[in-house]
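Scroll down for the structure; my scribbles are underneath it.
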Amino acid sequence: MSSKAVFEGLVFDEAGRALETTTVGGEAQYVIDDRGFHRHIDAAVIDQQVIGLIQEQVIANKDIVEESIMRMTGQDDLFTKASLDVSIKNMAELLERGIPDDARMWLGMMGLRIVVNLHGEVINLNWPGVASDDEG
C-alpha cells in the first residue's frame, strides 16, 4: 500500500469528475462519489493498473520511446539506452517513489487522463497521443 496517490489529480470517474484523494489509516485512497456515497479505493490498486498499462504501451513502442528520449536529452549513447531499458523495466518503482508534483502537473497538461469505474477499475487511459479502452 502507499501513503500517497501516484496519479493524484489525473484520475476521473465515468462522469468526468476528478477524484479526490485522502488517507485512511495512513494509506492513500482515491474517493469515488457514487451519488453521494463516497467509495474509498486504495490508491495502490488504481496506480498499479495505470503503471501496468503505461508500461505495456511503452514496451510495445520501446524503440520509438527510447529514440525520442535520447533525442530530447541530446544523449545518444549505449549507456543512456541501457539506463532507459532498466527504467522501463522498473516502472513499478513509481509506486514507492511517486511522481514529483511538477511532473504530474506536466502529465495533466499533456493530456494524461485516467478514467475508472465505481470499483476502481481503469476503464480508459488517455495518454498523450494514445487512447486505450482497457477493461480492468
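Ordering of the C-alpha cells sets the chain letters (A, B, ...), residue numbers begin anew at 1 in every chain, and ligands are numbered from 1 in the order given.
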
Nearby residues (only C-alpha atoms) at most 10 Å from stretch 34-40 of chain A, same-chain spacing under 4 positions excluded, as a PyMOL selection string: chain A and resi 13+20-24+28-30+117-120

Keeping C-alpha atoms for every residue in the selection just given, could you write it to a file as a short mmCIF file (atom, residue, chain, number, x, y, z; two decimals), in the first residue's frame?
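Resulting contents of result_16.cif:
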```cif
data_model
loop_
_atom_site.label_atom_id
_atom_site.label_comp_id
_atom_site.auth_asym_id
_atom_site.auth_seq_id
_atom_site.Cartn_x
_atom_site.Cartn_y
_atom_site.Cartn_z
CA ASP A 13 -14.83 8.97 -12.65
CA GLU A 20 -10.43 13.46 -4.56
CA THR A 21 -7.74 11.75 -2.53
CA THR A 22 -7.48 11.18 1.19
CA THR A 23 -5.74 8.85 3.60
CA VAL A 24 -7.32 6.21 5.78
CA ALA A 28 -3.75 6.81 0.29
CA GLN A 29 -7.23 6.46 -1.13
CA TYR A 30 -9.00 7.72 -4.23
CA ASN A 117 -15.44 2.86 -12.78
CA LEU A 118 -17.13 2.68 -9.36
CA HIS A 119 -14.97 -0.31 -8.40
CA GLY A 120 -11.68 1.44 -9.15
#
```

Filtered DSSP result for stretch 4-134 of chain A, state helix (DSSP H, G or I), as a ChimeraX atom specification: /A:43-60,62-73,78-89,91-97,101-109

Near-A:Ile46 list (9 Å; only C-alpha atoms; drop same-chain fewer than 6 positions) as a PyMOL selection string: chain A and resi 5+7+11+30+116+120-122

Next, dump the selected residues to file, keeping only C-alpha atoms, as a CSV table (one decimal), in the first residue's frame.
```csv
chain,number,residue,atom,x,y,z
A,5,ALA,CA,-1.7,8.6,-4.6
A,7,PHE,CA,-1.6,9.9,-10.1
A,11,VAL,CA,-7.9,10.2,-12.1
A,30,TYR,CA,-9.0,7.7,-4.2
A,116,VAL,CA,-12.1,4.5,-13.5
A,120,GLY,CA,-11.7,1.4,-9.1
A,121,GLU,CA,-11.0,-0.5,-12.4
A,122,VAL,CA,-9.3,1.6,-15.1
```

DSSP-assigned strand (DSSP E or B) among stretch 2-113 of chain A, expressed as a PyMOL selection string: chain A and resi 11-12+18+20-24+27-34+37-42+113

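Atom pair atom CA of A:Phe12 / atom CA of A:Ile54 has a distance of 16.7 Å (rounded to one decimal).
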
A:Gln55 environment, 9 Å, only C-alpha atoms, sequence neighbours closer than 5 positions dropped, as a list in words: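 Non-adjacent residues within range: Val50, Ala60, Ile88, Lys89, Met91 and Ala92 of chain A.
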